[in-house]
>>> print(open('query.cif').read())   # mmCIF, C-alpha atoms
data_my_file
loop_
_atom_site.label_atom_id
_atom_site.label_comp_id
_atom_site.auth_asym_id
_atom_site.auth_seq_id
_atom_site.Cartn_x
_atom_site.Cartn_y
_atom_site.Cartn_z
CA MET D 13 9.38 -36.45 22.24
CA HIS D 14 6.77 -39.10 21.45
CA LEU D 15 6.74 -40.46 17.87
CA ASP D 16 3.14 -39.30 17.26
CA GLU D 17 4.13 -35.76 18.31
CA ARG D 18 7.09 -35.87 15.94
CA ARG D 19 4.81 -36.87 13.10
CA ARG D 20 2.34 -34.10 13.99
CA LEU D 21 5.10 -31.49 13.93
CA ALA D 22 6.42 -32.88 10.64
CA TYR D 23 2.99 -32.66 9.00
CA LEU D 24 2.51 -29.09 10.21
CA ASP D 25 5.96 -28.12 8.93
CA ALA D 26 5.32 -29.81 5.59
CA ILE D 27 2.18 -27.77 4.96
CA GLY D 28 3.83 -24.51 6.07
CA ILE D 29 2.38 -24.04 9.55
CA ASP D 30 4.86 -22.63 12.08
CA VAL D 31 4.99 -24.29 15.47
CA TRP D 32 6.28 -22.26 18.43
CA LEU D 33 8.38 -24.24 20.87
CA PRO D 34 10.32 -23.34 24.03
CA ARG D 35 13.79 -22.01 23.38
CA ALA D 36 16.52 -24.60 24.02
CA ALA D 37 20.29 -24.45 24.01
CA ALA D 38 22.12 -25.94 21.03
CA GLY D 39 22.61 -29.67 21.33
CA THR D 40 19.92 -30.24 23.96
CA PRO D 41 17.56 -33.22 23.59
CA LEU D 42 14.69 -30.84 22.81
CA GLU D 43 16.56 -29.20 19.94
CA GLU D 44 17.61 -32.56 18.55
CA ALA D 45 14.06 -33.88 18.77
CA VAL D 46 12.66 -30.82 16.98
CA ALA D 47 15.27 -31.09 14.22
CA ASP D 48 14.33 -34.73 13.80
CA ALA D 49 10.63 -33.92 13.83
CA SER D 50 10.82 -31.14 11.23
CA PRO D 51 12.58 -32.53 8.16
CA GLY D 52 10.98 -29.95 5.87
CA VAL D 53 13.39 -27.31 7.14
CA ALA D 54 16.47 -29.42 6.45
CA VAL D 55 15.14 -30.80 3.17
CA ALA D 56 15.08 -27.31 1.63
CA ALA D 57 18.90 -27.20 1.81
CA MET D 58 19.71 -30.77 0.75
CA ASP D 59 21.68 -31.76 -2.34
CA TRP D 60 20.68 -34.78 -4.44
CA GLN D 61 22.65 -37.30 -2.42
CA ALA D 62 21.32 -36.13 0.94
CA LEU D 63 17.77 -35.88 -0.38
CA ARG D 64 17.82 -39.41 -1.78
CA ALA D 65 19.16 -40.76 1.50
CA CYS D 66 16.52 -38.85 3.48
CA VAL D 67 13.69 -40.22 1.33
CA ALA D 68 15.04 -43.77 1.59
CA GLU D 69 14.91 -43.61 5.40
CA CYS D 70 11.68 -41.60 5.69
CA ARG D 71 9.12 -42.83 8.22
CA LEU D 72 6.94 -39.72 8.47
CA CYS D 73 3.74 -41.56 7.59
CA GLU D 74 2.26 -45.04 7.82
CA LEU D 75 3.20 -45.90 4.22
CA ALA D 76 6.70 -46.66 5.51
CA ASN D 77 5.23 -49.77 7.14
CA THR D 78 3.87 -51.27 3.92
CA ARG D 79 6.34 -50.22 1.21
CA THR D 80 8.96 -52.51 -0.30
CA GLN D 81 11.17 -49.49 -0.95
CA THR D 82 10.84 -45.79 -1.68
CA VAL D 83 10.59 -44.54 -5.27
CA PHE D 84 12.76 -41.45 -5.52
CA GLY D 85 12.91 -40.41 -9.17
CA VAL D 86 14.89 -40.93 -12.38
CA GLY D 87 16.29 -38.93 -15.26
CA SER D 88 18.47 -35.91 -15.80
CA PRO D 89 19.05 -33.59 -12.82
CA GLU D 90 19.35 -30.74 -15.35
CA ALA D 91 16.21 -31.60 -17.33
CA ARG D 92 14.10 -28.99 -19.12
CA TRP D 93 11.00 -31.13 -18.53
CA MET D 94 9.93 -32.53 -15.16
CA ILE D 95 7.22 -35.19 -15.18
CA VAL D 96 5.28 -35.54 -11.93
CA GLY D 97 3.00 -38.53 -11.41
CA GLU D 98 0.77 -39.46 -8.52
CA ALA D 99 2.11 -42.37 -6.45
CA PRO D 100 4.06 -45.58 -7.07
CA GLY D 101 2.15 -48.70 -8.05
CA ALA D 102 3.02 -52.31 -7.32
CA GLU D 103 5.71 -52.59 -10.00
CA GLU D 104 7.26 -49.24 -9.10
CA ASP D 105 7.33 -50.31 -5.44
CA ARG D 106 9.11 -53.53 -6.43
CA ARG D 107 11.66 -51.91 -8.75
CA GLY D 108 12.13 -48.54 -7.04
CA GLU D 109 11.55 -46.55 -10.25
CA PRO D 110 8.57 -44.41 -11.30
CA PHE D 111 6.47 -45.18 -14.36
CA VAL D 112 7.44 -48.73 -15.23
CA GLY D 113 5.28 -51.44 -16.78
CA ARG D 114 2.73 -50.74 -19.52
CA ALA D 115 1.98 -47.21 -18.35
CA GLY D 116 5.69 -46.43 -18.22
CA LYS D 117 6.22 -47.68 -21.77
CA LEU D 118 3.38 -45.49 -22.97
CA LEU D 119 4.90 -42.50 -21.17
CA ASP D 120 8.19 -43.21 -22.94
CA GLU D 121 6.35 -43.14 -26.27
CA MET D 122 4.63 -39.87 -25.35
CA LEU D 123 8.00 -38.30 -24.55
CA ARG D 124 9.61 -39.55 -27.76
CA ALA D 125 6.79 -37.95 -29.74
CA VAL D 126 7.97 -34.52 -28.58
CA GLY D 127 11.69 -35.22 -28.84
CA GLU D 128 12.30 -36.14 -25.20
CA SER D 129 13.15 -39.40 -23.41
CA ARG D 130 13.26 -40.96 -19.97
CA GLN D 131 16.93 -39.95 -19.84
CA SER D 132 16.45 -36.32 -20.90
CA VAL D 133 13.57 -35.48 -18.54
CA TYR D 134 13.26 -35.90 -14.78
CA ILE D 135 10.44 -38.15 -13.52
CA ALA D 136 9.13 -38.14 -9.96
CA ASN D 137 5.93 -38.79 -8.02
CA THR D 138 4.00 -36.73 -5.49
CA LEU D 139 4.39 -39.67 -3.09
CA LYS D 140 7.57 -41.67 -2.66
CA CYS D 141 5.85 -44.77 -1.23
CA ARG D 142 3.07 -46.93 -2.63
CA PRO D 143 -0.34 -46.62 -0.95
CA PRO D 144 -1.78 -50.08 -0.21
CA ASN D 145 -3.97 -51.42 -3.02
CA ASN D 146 -3.10 -48.32 -5.05
CA ARG D 147 -5.62 -46.21 -3.15
CA ASP D 148 -5.50 -42.41 -3.44
CA PRO D 149 -2.97 -40.71 -1.14
CA ARG D 150 -4.34 -39.32 2.12
CA ALA D 151 -3.88 -35.65 2.96
CA GLU D 152 -1.31 -36.31 5.68
CA GLU D 153 0.71 -38.57 3.35
CA SER D 154 0.82 -35.93 0.63
CA ALA D 155 1.77 -33.26 3.19
CA ALA D 156 4.60 -35.37 4.58
CA CYS D 157 6.03 -36.01 1.10
CA ARG D 158 5.54 -32.51 -0.32
CA PRO D 159 8.91 -31.07 0.85
CA TYR D 160 10.76 -33.88 -0.97
CA LEU D 161 9.03 -33.10 -4.27
CA GLU D 162 9.47 -29.36 -3.81
CA ARG D 163 13.20 -29.85 -3.27
CA GLN D 164 13.44 -32.04 -6.38
CA ILE D 165 11.78 -29.27 -8.39
CA GLU D 166 14.17 -26.69 -6.92
CA LEU D 167 17.19 -28.82 -7.78
CA VAL D 168 16.09 -29.61 -11.34
CA LYS D 169 14.86 -26.07 -12.12
CA PRO D 170 12.76 -27.33 -15.05
CA ALA D 171 11.48 -25.07 -17.80
CA VAL D 172 8.12 -26.85 -17.59
CA ILE D 173 6.38 -29.33 -15.29
CA LEU D 174 4.01 -31.91 -16.78
CA ALA D 175 1.53 -33.06 -14.12
CA VAL D 176 0.34 -36.52 -15.13
CA GLY D 177 -3.01 -37.67 -13.78
CA ARG D 178 -5.66 -36.33 -11.41
CA VAL D 179 -3.85 -36.87 -8.11
CA ALA D 180 -0.64 -35.20 -9.27
CA ALA D 181 -2.46 -32.25 -10.84
CA GLN D 182 -4.75 -31.64 -7.86
CA ASN D 183 -1.92 -31.94 -5.34
CA LEU D 184 0.43 -29.61 -7.20
CA LEU D 185 -2.22 -26.99 -7.96
CA GLY D 186 -4.22 -27.27 -4.73
CA SER D 187 -7.36 -27.89 -6.77
CA ASP D 188 -10.24 -30.35 -6.71
CA LEU D 189 -11.08 -29.91 -10.40
CA PRO D 190 -10.92 -32.99 -12.66
CA VAL D 191 -8.12 -33.38 -15.20
CA GLY D 192 -10.53 -32.57 -18.01
CA ARG D 193 -10.97 -29.04 -16.63
CA LEU D 194 -7.32 -28.51 -15.68
CA ARG D 195 -5.72 -29.61 -18.93
CA GLY D 196 -5.44 -27.54 -22.09
CA ARG D 197 -4.00 -24.40 -20.49
CA ARG D 198 -0.89 -23.12 -18.80
CA HIS D 199 -0.69 -23.08 -15.00
CA GLU D 200 2.19 -21.99 -12.78
CA LEU D 201 3.78 -23.55 -9.71
CA ASP D 202 5.95 -21.05 -7.85
CA GLY D 203 6.83 -19.38 -11.14
CA THR D 204 7.42 -22.57 -13.14
CA PRO D 205 5.01 -23.25 -16.04
CA LEU D 206 2.88 -26.34 -15.43
CA VAL D 207 0.73 -28.30 -17.88
CA VAL D 208 -1.76 -31.01 -16.88
CA THR D 209 -2.50 -34.14 -18.89
CA TYR D 210 -4.05 -37.57 -18.49
CA HIS D 211 -2.18 -40.45 -16.87
CA PRO D 212 -0.85 -43.12 -19.27
CA ALA D 213 -2.75 -45.78 -17.29
CA TYR D 214 -5.96 -43.91 -18.13
CA LEU D 215 -4.99 -43.81 -21.80
CA LEU D 216 -4.56 -47.58 -21.80
CA ARG D 217 -8.24 -47.79 -20.80
CA SER D 218 -9.39 -44.85 -22.93
CA PRO D 219 -7.19 -44.66 -26.06
CA ALA D 220 -9.58 -42.15 -27.66
CA GLN D 221 -8.10 -39.51 -25.32
CA LYS D 222 -4.64 -39.75 -26.90
CA ARG D 223 -5.41 -36.82 -29.23
CA LYS D 224 -5.97 -34.59 -26.19
CA VAL D 225 -2.70 -35.78 -24.65
CA TRP D 226 -0.84 -34.92 -27.83
CA SER D 227 -2.28 -31.41 -27.61
CA ASP D 228 -1.13 -31.18 -23.98
CA LEU D 229 2.37 -32.32 -24.90
CA CYS D 230 2.57 -29.72 -27.67
CA LEU D 231 1.46 -27.06 -25.18
CA ALA D 232 4.12 -28.19 -22.70
CA ARG D 233 6.75 -28.04 -25.43
CA THR D 234 5.70 -24.52 -26.36
CA VAL D 235 5.62 -23.09 -22.85
CA GLY D 236 8.86 -24.89 -21.99
CA ARG D 237 10.62 -23.30 -24.95
CA GLU D 238 9.25 -19.88 -24.05
CA ALA D 239 10.40 -20.26 -20.43
CA ALA D 240 13.88 -21.39 -21.48
CA ALA D 241 14.30 -18.58 -24.05
#
>>> encode(input="query.cif", output="structure tokens")
Amino acid sequence: MHLDERRRLAYLDAIGIDVWLPRAAAGTPLEEAVADASPGVAVAAMDWQALRACVAECRLCELANTRTQTVFGVGSPEARWMIVGEAPGAEEDRRGEPFVGRAGKLLDEMLRAVGESRQSVYIANTLKCRPPNNRDPRAEESAACRPYLERQIELVKPAVILAVGRVAAQNLLGSDLPVGRLRGRRHELDGTPLVVTYHPAYLLRSPAQKRKVWSDLCLARTVGREAAA
């Protein structure tokens, strides 16, 4: 099967579109090619070790050609809070860890304000590779990465998800509304409470919005406690 066809099948699988293929006996080249082309099916059953290895070797989209390394996620696999950002930046791409640099330090301060830490929560991104020049993710890139994030959420089983920034919030909620209209209320993602707030990088440019972020963090703490009760 041609590489472009494999990618097409992977994208369709990632966004939940079934593809009908001719029946093949177990172990045939067709079956092996389909299994290779549709990682979303296998991803749903992976443990942490297998998932990390799969992400590290992923070449489902063109970002694999420009990344330094993938950025999987950090924190506690049994966290009550899961923080989901948009995509790795230059420093994250270099270090292989989400939310580092000035924005990461501010996120750490935000978490400490509500009694959490980088070690007690789980932090991941919607994309595992850095888009060139920090551009917004393309639809096919988000679709290819979505099964990885969904499996991380399933493994963590958080009491609350905090979507940080416009790209993360819109991708998770399937919305085109700005953060200002998504924040301040409880959403749900497959039964898990989700709260939207501004990205720390935005707060570095607009510190007057910190009061709103504090309100969002308090809301996340409240809905997380209610979900865990």
>>> atom_distance(input="query.cif", atom1="atom CA of Val208 of chain D", atom2="atom CA of Arg195 of chain D")
4.7 Å
>>> resolve_selection(input="query.cif", expression="the PyMOL selection byres ((chain D and resi 72-79) around 7)", output="CSV table (one decimal) with C-alpha atoms, keeping the file's coordinate frame")
chain,number,residue,atom,x,y,z
D,19,ARG,CA,4.8,-36.9,13.1
D,70,CYS,CA,11.7,-41.6,5.7
D,71,ARG,CA,9.1,-42.8,8.2
D,80,THR,CA,9.0,-52.5,-0.3
D,81,GLN,CA,11.2,-49.5,-1.0
D,82,THR,CA,10.8,-45.8,-1.7
D,105,ASP,CA,7.3,-50.3,-5.4
D,141,CYS,CA,5.8,-44.8,-1.2
D,142,ARG,CA,3.1,-46.9,-2.6
D,143,PRO,CA,-0.3,-46.6,-1.0
D,153,GLU,CA,0.7,-38.6,3.4
D,156,ALA,CA,4.6,-35.4,4.6
>>> residues_around(input="query.cif", residues="His211 of chain D", least_positions_apart="6", cutoff="12 Å", atoms="all atoms listed in the file", output="PyMOL selection string")
chain D and resi 95-99+111+114-116+118-119+122+174-181+191-192+195+217-219+221-222+224-225+228
>>> atom_distance(input="query.cif", atom1="atom CA of Arg107 of chain D", atom2="atom CA of Asp120 of chain D")
17.0 Å
>>> closest_residue(input="query.cif", among="D:Val86, D:Ala220, D:Leu161, D:Leu139", to="Val55 of chain D", atoms="all atoms listed in the file")
D:Leu161
>>> atom_distance(input="query.cif", atom1="atom CA of Val83 of chain D", atom2="atom CA of Asn145 of chain D")
16.3 Å
>>> residues_around(input="query.cif", residues="Arg64 of chain D", least_positions_apart="3", cutoff="10 Å", atoms="all atoms listed in the file", output="PyMOL selection string")
chain D and resi 58-61+67-70+82-85+160+164
>>> resolve_selection(input="query.cif", expression="the PyMOL selection byres ((chain D and resi 129) around 12)", output="VMD selection string")
chain D and resid 86 to 88 91 to 95 116 to 128 130 to 135
